[in-house]
Every structure is written in structure tokens, then in C-alpha cells.
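Enquirer: One structure, as C-alpha cells, below. Some questions next.
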Amino acid sequence: MKNKQEKYFFSRTSGLVILAGAVLIIIWGLWTVPLMGINEGRRAVTVQEMIRHGNWLIPTMNGQIYINKPPLFYWLMLFTTKIFHSTAEWVLRLPSALAALTTCGLLFRSVKKYINRDTAILAILILATSLTFTRRAHWAEIEMLLTFFCVASNLFFYDYYLSGKTLFLWVSYLCMGLAILTKGPVALVFYLPPLMAFGLLKRSVKIRHGLLFWPGWIVMLIVGGTWYVVIWFSKAGPLLRQVINVDLVGKTMGGLSGRKPFYTYILNLLGIFAPWTLLPILRAKKIKALFTSPATIYFTLQAIIPLAIMSLIASKHNKYILPLLPAMATCLAVYLLDFCNWLAAHYQKKGRKYFTIFAFSLLAGYFIFYVALEPRVYRYRYSAFKPLLVKLKQVRGQAPLYCLSKVHFIQLIFYYGQPIPEITAAQLKKMVDEKRPFLLLAESHSWSLLPKQGLKVLLKLECYRKRNRAVKLLSNFSSGNIRKPYKTISYPGSPTLYSKLEEKLLEDSGLIFFDAHVWTFNDSNGEPAIYQIDKRNGKISQTVILQNAKNHDWEDITQDKEYIYVGDFGNNRGNRNNLKIYKICKKDIDKEKICKVKAAVINFSYNDRGDDCINRYIDHNCESLISLNDSLIIFTKTPWGESKMYRMPKMPGSYQLDPIVTLAADGMITGADFNGNMDELVLIGYNNGLPFIFLIPGFHGQGFSPEKIRRINLVGFKGAYTEGICWVNNQTLLISNEQNKIFKQAVYQLNIRRALKSKTD
């Protein structure tokens, strides 16, 4: 029963601050880093393939049946993806974080009820300042869910022991069944042995009856065992028998290499709970405090009995003992409270004050770590993701992609979005000899298997997964020889100067030709205004300020007979959710030098946008906008040279867009305009400093006819940062150039018909 203190060590406010800090540490940071470990990658890929194939019963990973772990954690991840319509990292990690929160909640409730409030607060403080516990709360791995069900089953059994209510017994066995469905029969190690030890120690008939409660065993077996029975008699049965052999014989009996000594976990726990583990060492005589009440004895047995059993198992990893950490934290909390009471007795208010400040500082340090330091400390684990994915998407579709030997970097499959078949060295040699085009990923451990000839390195990255690992992307063909679906023309001349631009327009972007003048604007964080340019001197002759707008990242501008449209949809960092287009009525623009108008707003988002930590930073940036009949059309840009086309109404509102067509632009599209007289679309962009223009005749907003498309490389304009383009008439285009080391900011003109007569590549 509860041991009441005459006076609490923690005030109500201090206790609430510690609990709130623990909640923040557990929740904060789910979204700050990509998938960190191989196991996170395994869970994410499995869920991704469950969604793709609709098979929730027999999991697959990288296209192969994967039943190494039961499916409950996958099902919970699927549930969160359904709720939030997303497979972002924080959505996949949410079940782990919620399991950690509920574990702490149950622990606090039980310790407060059966020991005292201060011990409960200290137990949560110790867990929240354990890097092992909080990091597992942040990862999409099964151990935290297992921990919750094991802790819940034990705490509800203790509720039954004290109250005699059979309901608690039912819930206890149900939770253990769910624990088995989370990670298998290993969950019983954290349940049966400590309960049996407690029953023998207390000589309790009630505990014996609880352990022999056969309806509970039936519930546990049905909940935890049904999936195994179904799989045993399915096509995956042989694989299940193989998994059982590996787990029982290999990990348990020592069939796997790398056996660690039995005292490994004892040493590791000193670090897992540092600095709190100093107390049992410095105050060893206080060990009797762990045996002063049935509750402290129960928690002590819940910690040391599973620890002893797990220490005998051959394979050892800190995550394997995660379910006993809450009980161990409670034991440490008993020690810690004794120390706190000693502080209060000898130093009175100062003792409470300094310990509370220390606890707050420790919590703040962990919070800062997850907010600001973790992405930097572990950057080496995922720094190769972005450049590798950019290159993979650049060459995607040119040839099938394989991985030599085993895909150890399983997270890559998740971000790539589709399986990467594994091949052996013999299969690779045969493919090289047959000269079948293919792409190949080879991690550094498999480089010795690569043939000496026949492969070209497209990309090599160091620090891949680990600091001493690397990866190569190879092919047996030259990607430059892939035939594009359009004709390319090299124009040796250079566009001629149309108008200089004043210093205020260093980052001029889109262009329109309206009222016999050029209009432009500055992009990101510039003034929310468009400027009319005096061709004679490049000065701003009129400024139209949008009173209700902000220039987050304006990128392009277009018009129809009645309105001007300004696209605030630049998204270089990939973190914007406020994409919009401003609609300005031309009649509202008077002749004043500085004119203020109010614009209607068209909001939009992409239905196909990647929302994970990697793809959202390299996809769905946009710098191009055109007007076509009653629609606005935008064109995205990507580092790998694709451009997707999306269409939305001109009416103010909020729209979710789906891609209509994708253009293999082989460069980044930065501007667009449409000539309604000729039904011709022009797109402008650049690739490695070489500007180009796409001329697409017969455009009606539904797609492209590749055989009609012409790509014009502006060879004589190399080095220009071409940002905007617009038609002046059926022959002349205006091109805006942002200032760089080679060219000043200016507007140039090009006779597109003359350029089309240049030599075809």
C-alpha cells in the first residue's frame, strides 16, 4: 500500500514541470531526422509495401516475404498513416512515442498509488533522462510497443493482486497476448518469471490462482498466437520455421557469432541510467529500501529477474532489455528519493531548490539535444540520402536498378519508393557479359565483387550509413546516350539586351509584357510588389503593392485579359505548406507611381508530394506559371531534371493538385509563358549553367506531343541565370536574368523563329 510522507519533496508546480518536460522530450523531434537505423527502415519499407499491395497479413520487405516479426506494430503504423494520410517519418514513429507516453502514464499512476507521489515523479524523471528510452520512443521500432504491453500486463496483475478484481487479470493477460503479437514469445520473459518469483517470495495463493487463470491463458494464446498459426499453414510456413530456428537457436543458444559476456547488460545499465546509477554505488547500504513494501519488492523483481535471464541469452542489445527499464527506473527512484530526503533534512529548502534546478537543467538539456543537436550529431547516418536519391531519380527509367549483394541501407528503399532487387556477383557478371543496360548500387563491403571492366561510376559517396562506409552508383551504359523524346537545337548566338534593370531588382524573376511595358518583381523575401520597367533606362516607372500579400518566395507571373497572377510557390527548402497565387485585377492598377491594390488568393497543395524528411526537400519546388483559358498551370522543377505539370482553376479558393504529365526536361525549369495566338508554350531553365528553352506547339493544357517539342540550348548565353520568360509577339521572347558573377540583372530578347533554324543536335 502507499507509504505516505508528511511532506512532499516536490511541490505541485515542480512535479508538473518535470512531467511536462518528460512529455516534450518523448514527443519532440519525431520529425527532425530521416529514418535513422536499419530496423526503422525495415518497419517503414514493410508498411509502405503493405499499403501498396493491401496485404496486411503476410508482410513483405523489398518485395520478399518478411515475417521475422509479428505484425501488430505494422498494423498500428498503418492505422496512423490512414488517419493522417501520410507516410512521413513522424507518422510512422507516432506509435512508438504514444507507447512511451502511455508507459510513463501507467507507471506514474501505479507508483504514485502503491509507493508515493515523489517516487513516481522521480521514476518518470529517470526514464525521460535515459537516452536509450527516449531514443527508442523517437524511432519506428517495435521495442517501445513491446515495453508498453509488458509493463501494462505486470502493473495490471499487481492491481489484481491487491484488489482481487478479476477484470485486472483479464486485462493483464490481454496485454501479454498483444506483447506476443508485437515481438513474439520473448515477451513472456518479462512476465512469468518475475510473477512466479514474487508469488514464491510472498507465498501468495492469490498469485498462484492468477497464474493458473486458464481463461486468461486462452485469451493470451488467441490474441498472441492466431497469426502464427495462420502463417504456419500458409505459403510462408517454411520461412516462419526458419525464423524460429534463428531466434531460438541462434540468438538464444549462441548459434550466431558475436556472443557477449553475461555481465554486458549490467555494465550497459550504468550508462543507460547515468548519472542516477551513481546512487546505488555510493549508497549501497540503502538497498534494503527496495524490500520495505510489497510494491518495491514487486518492481525490484520485475527488474532483476528478466535482467538475469536476458544476460544468459547469447545475443545482447540494449533494446532487448527495454521492457525492464521502467521497473529499473522505479528502483532507482526509491534510491533517489532517499537521497532527496537526506538533502531536505540536511540543507532544507536549499537542498530541494538545487536538486529541482538540476532536474530541470537535465530535462532542458535532453530537450535541446532532440531539438537542435540530434540532426547534427547523427547527420553522417543520412547525409548520403539526398544526393543519392537525386541521382537515382535523374536516371530512373533509363534502366532497371539492382543492388549488389544485400541492401543493408534499407532506408533507401523507403525513400526511393520501390523495391531494389538484390543480385549476386555471378548474376552481375552474366548481365555485364550480355550487355543488358542496368543500374547498380554497390556498398563498400561488396566492391571486391565488382568486375574490373564494363561498369561506369555515376556517383560515389563517402560516409554512407556509417563513417567508414561508402556507396557507388554504377551503370554499364552512358546515361548521356539515352535518346530524349524531343529534338534538341544548339543556338550559337546570344539573346540581345532589351533593357537593363536597376539595383533594386538584383533578384528579378518572372516577366509579363503588359500595357506596352515589361513588368517584373524580386523573388524570396522581397517587397510584395510588381514593378513596371522603363525600357530606356531600366528604372522602375511604377510600383504596384499588394496590400494583403507577403513575398515568401515569388517566382513567376502571368496574365489574361482582366487579371495578373503572381505565384508565391517557391519552395527551395521543401518545408512550405502555404503555397498560393495572388490574383490582381488590372482595372485596380491606376496611373499613380506607387499604387496599392488588394489581391484575391488562390491556395493550393500537391496531392503527390513526398512528406518525408528527404523527398520533401528535393521535390515539388516550382518557379513557372501560365494562364490558359479558365485555368492556371504550373510546372515544377527538380534537381534531377523532371518537371511535373499541374492545373488549377482561376477562381479564389483552396485546391489539391494531381500531376497531369511529366516532362523529362534534363534541367531545372524556372519560367514559362503561353502564346494563345499560336497555341505555343515556352519553358525556360538551365542545366549546369547552360540556359535552354522548350518550345511546345499545339499545347492545350492536357499533355505534350514529344515529336513536336523542340529544346533550344542557348550556347551563347552560357552562365546566365535565366529566371523568367514571356512573349512580346509571335516571334519575340523576353528573358529575365538574375545577377550573377558573369551577367548583371537585365532583360534580354530572342527571336525564337531564328533560333529554330539552328543546327539540330
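Ordered as shown in the C-alpha cells, chains take letters A, B, and onward, while each chain numbers its residues from 1 and ligands are numbered from 1 in the order shown.
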Write out as a ChimeraX atom specification all residues of region 419-621 of chain A that DSSP puts in strand (DSSP E or B) for this structure's backbone.

Expert: /A:422-423,439-443,456-462,470-475,487-491,496-500,508,512-514,517-520,522,529-533,540-546,554-559,563-568,580-585,594-597,600-606,621

Enquirer: Which neighbours of Ile660 (chain A) fall inside 12 Å, counting only C-alpha atoms, when residues of the same chain fewer than 5 positions from it are skipped, and could you give them as a list in words?

Expert: Tyr606, Asn607, Asp608, Ile633, Ile634, Phe635, Thr636, Ser643, Lys644, Met645, Tyr646, Arg647, Met648, Gly701, Gln702, Gly703 and Phe704 of chain A

Enquirer: Give me the residues near Phe73 (chain A) as a PDB file with C-alpha atoms, in the first residue's frame, where near means some atom within 8 Å (using only C-alpha atoms) and where sequence neighbours in that chain fewer than 4 positions away do not count.

Expert:
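File result.pdb, as written:
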```pdb
ATOM      1  CA  MET A  77       1.743   2.210 -38.159  1.00  0.00           C
ATOM      2  CA  PRO A  95       3.019   4.532 -32.305  1.00  0.00           C
ATOM      3  CA  ILE A 142       8.823  -2.420 -32.117  1.00  0.00           C
ATOM      4  CA  LEU A 145       5.380  -1.016 -28.051  1.00  0.00           C
ATOM      5  CA  THR A 182       4.344  -7.438 -31.101  1.00  0.00           C
TER       6      THR A 182
END
```

Enquirer: Mind checking which residues fall within 8 Å of Ile410 (chain A), counting only C-alpha atoms, ignoring those fewer than 5 positions away in the same chain, and posting them as an MDAnalysis selection string?

Expert: chainID A and resid 38 41:42 45

Enquirer: Could you write out that same residue set with N, CA, C and O atoms as an mmCIF file, in the first residue's frame?

Expert:
```cif
data_model
loop_
_atom_site.group_PDB
_atom_site.id
_atom_site.type_symbol
_atom_site.label_atom_id
_atom_site.label_comp_id
_atom_site.auth_asym_id
_atom_site.auth_seq_id
_atom_site.Cartn_x
_atom_site.Cartn_y
_atom_site.Cartn_z
ATOM 1 N N ILE A 38 18.707 0.717 -39.400
ATOM 2 C CA ILE A 38 18.260 -0.310 -40.333
ATOM 3 C C ILE A 38 16.881 -0.826 -39.948
ATOM 4 O O ILE A 38 16.022 -1.056 -40.805
ATOM 5 N N GLY A 41 14.206 1.383 -41.026
ATOM 6 C CA GLY A 41 13.999 1.186 -42.455
ATOM 7 C C GLY A 41 13.172 -0.048 -42.743
ATOM 8 O O GLY A 41 12.293 -0.036 -43.606
ATOM 9 N N ARG A 42 13.438 -1.136 -42.014
ATOM 10 C CA ARG A 42 12.670 -2.365 -42.219
ATOM 11 C C ARG A 42 11.192 -2.145 -41.925
ATOM 12 O O ARG A 42 10.320 -2.591 -42.679
ATOM 13 N N VAL A 45 9.659 0.281 -44.714
ATOM 14 C CA VAL A 45 9.505 -0.359 -46.024
ATOM 15 C C VAL A 45 8.372 -1.378 -45.987
ATOM 16 O O VAL A 45 7.570 -1.487 -46.924
#
```

Enquirer: Skipping near chain neighbours, those fewer than 2 positions away, what residues fall within 10 Å of Ser736 (chain A) using only C-alpha atoms, listed as an mmCIF file with C-alpha atoms, in the first residue's frame?

Expert:
```cif
data_model
loop_
_atom_site.group_PDB
_atom_site.id
_atom_site.type_symbol
_atom_site.label_atom_id
_atom_site.label_comp_id
_atom_site.auth_asym_id
_atom_site.auth_seq_id
_atom_site.Cartn_x
_atom_site.Cartn_y
_atom_site.Cartn_z
ATOM 1 C CA TYR A 498 16.354 44.611 -74.207
ATOM 2 C CA SER A 499 16.647 46.617 -71.001
ATOM 3 C CA LYS A 500 18.946 46.948 -68.062
ATOM 4 C CA LEU A 501 17.442 46.711 -64.572
ATOM 5 C CA GLU A 507 16.820 39.070 -57.961
ATOM 6 C CA ASP A 508 14.278 39.757 -60.671
ATOM 7 C CA SER A 509 12.279 36.675 -61.511
ATOM 8 C CA GLY A 510 9.159 36.325 -63.684
ATOM 9 C CA LEU A 511 8.113 38.559 -66.575
ATOM 10 C CA THR A 520 8.737 42.016 -63.054
ATOM 11 C CA GLY A 671 9.858 30.154 -66.074
ATOM 12 C CA ALA A 720 23.175 33.216 -67.305
ATOM 13 C CA TYR A 721 20.649 32.667 -64.502
ATOM 14 C CA THR A 722 17.556 32.684 -66.668
ATOM 15 C CA GLU A 723 14.547 33.166 -64.399
ATOM 16 C CA GLY A 724 11.584 34.434 -66.424
ATOM 17 C CA ILE A 725 10.245 34.403 -69.974
ATOM 18 C CA CYS A 726 7.322 35.983 -71.815
ATOM 19 C CA LEU A 734 11.806 38.381 -73.445
ATOM 20 C CA GLU A 738 19.196 37.347 -62.287
ATOM 21 C CA GLN A 739 22.514 38.935 -61.351
ATOM 22 C CA GLN A 745 20.458 41.692 -63.879
ATOM 23 C CA ALA A 746 18.723 42.568 -67.133
ATOM 24 C CA VAL A 747 16.014 41.659 -69.643
ATOM 25 C CA TYR A 748 17.049 40.141 -72.975
ATOM 26 C CA GLN A 749 15.162 39.456 -76.168
#
```

Enquirer: If I take CA of Leu167 (chain A) and CA of Leu127 (chain A), how far is one from the other in Å, to one decimal?

Expert: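 Between CA of Leu167 (chain A) and CA of Leu127 (chain A) the gap is 28.7 Å.
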
Enquirer: Between A:Ser627, A:Ser96, A:Ser494, A:Ser163, single out the one closest to Leu714 (chain A), counting only C-alpha atoms.

Expert: A:Ser494

Enquirer: With a distance cut-off of 7 Å and only C-alpha atoms, select the neighbouring residues of Asn751 (chain A), excluding the residue or stretch itself and same-chain residues fewer than 6 positions from it, and output the selection as a PDB file with all heavy atoms, in the first residue's frame.

Expert:
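Heads up, here's the output in result22.pdb:
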```pdb
ATOM      1  N   GLN A 731       7.031  36.216 -82.627  1.00  0.00           N
ATOM      2  CA  GLN A 731       8.429  35.901 -82.930  1.00  0.00           C
ATOM      3  C   GLN A 731       9.372  36.155 -81.746  1.00  0.00           C
ATOM      4  O   GLN A 731      10.393  35.494 -81.615  1.00  0.00           O
ATOM      5  CB  GLN A 731       8.933  36.747 -84.122  1.00  0.00           C
ATOM      6  CG  GLN A 731       8.409  36.336 -85.467  1.00  0.00           C
ATOM      7  CD  GLN A 731       6.999  36.851 -85.713  1.00  0.00           C
ATOM      8  OE1 GLN A 731       6.667  37.955 -85.278  1.00  0.00           O
ATOM      9  NE2 GLN A 731       6.166  36.060 -86.379  1.00  0.00           N
ATOM     10  N   THR A 732       9.028  37.103 -80.896  1.00  0.00           N
ATOM     11  CA  THR A 732       9.979  37.613 -79.909  1.00  0.00           C
ATOM     12  C   THR A 732       9.638  37.165 -78.498  1.00  0.00           C
ATOM     13  O   THR A 732       8.485  37.248 -78.061  1.00  0.00           O
ATOM     14  CB  THR A 732      10.024  39.152 -79.957  1.00  0.00           C
ATOM     15  OG1 THR A 732      10.294  39.559 -81.303  1.00  0.00           O
ATOM     16  CG2 THR A 732      11.102  39.681 -79.029  1.00  0.00           C
ATOM     17  N   LEU A 733      10.669  36.716 -77.831  1.00  0.00           N
ATOM     18  CA  LEU A 733      10.570  36.362 -76.412  1.00  0.00           C
ATOM     19  C   LEU A 733      11.442  37.297 -75.597  1.00  0.00           C
ATOM     20  O   LEU A 733      12.543  37.679 -76.042  1.00  0.00           O
ATOM     21  CB  LEU A 733      11.043  34.922 -76.179  1.00  0.00           C
ATOM     22  CG  LEU A 733      10.183  33.797 -76.752  1.00  0.00           C
ATOM     23  CD1 LEU A 733      10.937  32.475 -76.649  1.00  0.00           C
ATOM     24  CD2 LEU A 733       8.866  33.706 -75.998  1.00  0.00           C
TER      25      LEU A 733
END
```

Enquirer: Which one of A:Leu307, A:Leu278, A:Val189, A:Ala236 sits closest to Thr264 (chain A) if you count only C-alpha atoms?

Expert: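 Smallest separation from Thr264 (chain A) among the options: A:Leu307.
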
Enquirer: Compile the contact shell of Ile321 (chain A) as a ChimeraX atom specification: residues with an atom at most 10 Å away, counting only C-alpha atoms, same-chain residues fewer than 6 positions apart removed.

Expert: /A:143,147,190,265,269,303,306-307,310-311

Enquirer: DSSP on the backbone: what in region 571-725 of chain A comes out alpha helix (DSSP H), as a PyMOL selection string?

Expert: chain A and resi 615-618

Enquirer: Could you write out that same residue set with all heavy atoms as a CSV table (one decimal), in the first residue's frame?

Expert:
```
chain,number,residue,atom,x,y,z
A,615,ASN,N,12.4,13.4,-49.4
A,615,ASN,CA,11.8,13.8,-50.6
A,615,ASN,C,11.1,15.1,-50.6
A,615,ASN,O,11.0,15.8,-51.6
A,615,ASN,CB,10.7,12.7,-51.0
A,615,ASN,CG,11.4,11.4,-51.5
A,615,ASN,OD1,12.2,11.5,-52.5
A,615,ASN,ND2,11.1,10.3,-50.9
A,616,ARG,N,10.7,15.6,-49.4
A,616,ARG,CA,10.1,16.9,-49.4
A,616,ARG,C,11.0,18.0,-49.7
A,616,ARG,O,10.7,19.2,-50.0
A,616,ARG,CB,9.3,17.1,-48.1
A,616,ARG,CG,10.2,17.4,-46.9
A,616,ARG,CD,9.3,17.7,-45.7
A,616,ARG,NE,10.2,18.0,-44.5
A,616,ARG,CZ,10.0,17.5,-43.3
A,616,ARG,NH1,9.0,16.6,-43.1
A,616,ARG,NH2,10.7,17.9,-42.3
A,617,TYR,N,12.4,17.7,-49.5
A,617,TYR,CA,13.4,18.8,-49.7
A,617,TYR,C,13.9,18.8,-51.2
A,617,TYR,O,14.6,19.7,-51.6
A,617,TYR,CB,14.5,18.6,-48.8
A,617,TYR,CG,14.2,18.9,-47.4
A,617,TYR,CD1,14.2,18.0,-46.4
A,617,TYR,CD2,13.9,20.3,-47.0
A,617,TYR,CE1,13.9,18.3,-45.1
A,617,TYR,CE2,13.6,20.6,-45.7
A,617,TYR,CZ,13.6,19.6,-44.8
A,617,TYR,OH,13.2,20.0,-43.5
A,618,ILE,N,13.6,17.7,-52.0
A,618,ILE,CA,14.1,17.7,-53.3
A,618,ILE,C,13.0,17.6,-54.4
A,618,ILE,O,13.3,17.5,-55.5
A,618,ILE,CB,15.0,16.5,-53.4
A,618,ILE,CG1,14.3,15.2,-53.2
A,618,ILE,CG2,16.2,16.6,-52.5
A,618,ILE,CD1,15.2,13.9,-53.4
```

Enquirer: Nearest to Leu16 (chain A) among A:Leu332, A:Phe360, A:Leu756, A:Thr558, with distances taken over only C-alpha atoms: which residue is it?

Expert: A:Phe360

Enquirer: Using only C-alpha atoms, tabulate the residues of region 657-733 of chain A lying at most 12 Å from any atom of region 560-569 of chain A, each with its closest atom pair and that distance in Å to one decimal, by chain and increasing residue number, as a tab-separated table.

Expert:
```
residue	atom	partner	partner_atom	distance
A:Thr670	CA	A:Phe569	CA	11.9
A:Gly671	CA	A:Gly567	CA	11.0
A:Ala672	CA	A:Gly567	CA	11.7
A:Asp673	CA	A:Asp560	CA	11.2
A:Phe674	CA	A:Asp560	CA	10.3
A:Asn675	CA	A:Asp560	CA	10.9
A:Gly676	CA	A:Asp560	CA	9.9
```

Enquirer: Would you mind exporting N, CA, C and O atoms of the selected residues as a PDB file, in the first residue's frame?

Expert:
```pdb
ATOM      1  N   THR A 670      12.542  27.153 -64.845  1.00  0.00           N
ATOM      2  CA  THR A 670      12.479  28.339 -63.988  1.00  0.00           C
ATOM      3  C   THR A 670      11.470  29.383 -64.454  1.00  0.00           C
ATOM      4  O   THR A 670      11.268  30.382 -63.762  1.00  0.00           O
ATOM      5  N   GLY A 671      10.835  29.180 -65.601  1.00  0.00           N
ATOM      6  CA  GLY A 671       9.858  30.154 -66.074  1.00  0.00           C
ATOM      7  C   GLY A 671       9.051  29.600 -67.235  1.00  0.00           C
ATOM      8  O   GLY A 671       9.452  28.624 -67.876  1.00  0.00           O
ATOM      9  N   ALA A 672       7.899  30.229 -67.501  1.00  0.00           N
ATOM     10  CA  ALA A 672       7.025  29.736 -68.570  1.00  0.00           C
ATOM     11  C   ALA A 672       6.123  30.861 -69.062  1.00  0.00           C
ATOM     12  O   ALA A 672       5.877  31.846 -68.353  1.00  0.00           O
ATOM     13  N   ASP A 673       5.622  30.707 -70.285  1.00  0.00           N
ATOM     14  CA  ASP A 673       4.583  31.598 -70.818  1.00  0.00           C
ATOM     15  C   ASP A 673       3.868  30.884 -71.959  1.00  0.00           C
ATOM     16  O   ASP A 673       4.416  29.959 -72.572  1.00  0.00           O
ATOM     17  N   PHE A 674       2.647  31.326 -72.222  1.00  0.00           N
ATOM     18  CA  PHE A 674       1.822  30.700 -73.255  1.00  0.00           C
ATOM     19  C   PHE A 674       1.359  31.762 -74.244  1.00  0.00           C
ATOM     20  O   PHE A 674       0.887  32.835 -73.862  1.00  0.00           O
ATOM     21  N   ASN A 675       1.512  31.435 -75.518  1.00  0.00           N
ATOM     22  CA  ASN A 675       1.067  32.313 -76.605  1.00  0.00           C
ATOM     23  C   ASN A 675      -0.249  31.771 -77.141  1.00  0.00           C
ATOM     24  O   ASN A 675      -0.273  30.775 -77.873  1.00  0.00           O
ATOM     25  N   GLY A 676      -1.353  32.417 -76.763  1.00  0.00           N
ATOM     26  CA  GLY A 676      -2.669  31.952 -77.180  1.00  0.00           C
ATOM     27  C   GLY A 676      -2.921  32.092 -78.658  1.00  0.00           C
ATOM     28  O   GLY A 676      -3.743  31.356 -79.225  1.00  0.00           O
TER      29      GLY A 676
END
```

Enquirer: When distances are computed from only C-alpha atoms, which of A:Phe233, A:Trp227, A:Trp28, A:Phe157 shows the smallest separation from Met196 (chain A)?

Expert: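 Distance minimum relative to Met196 (chain A) lands on A:Phe157.
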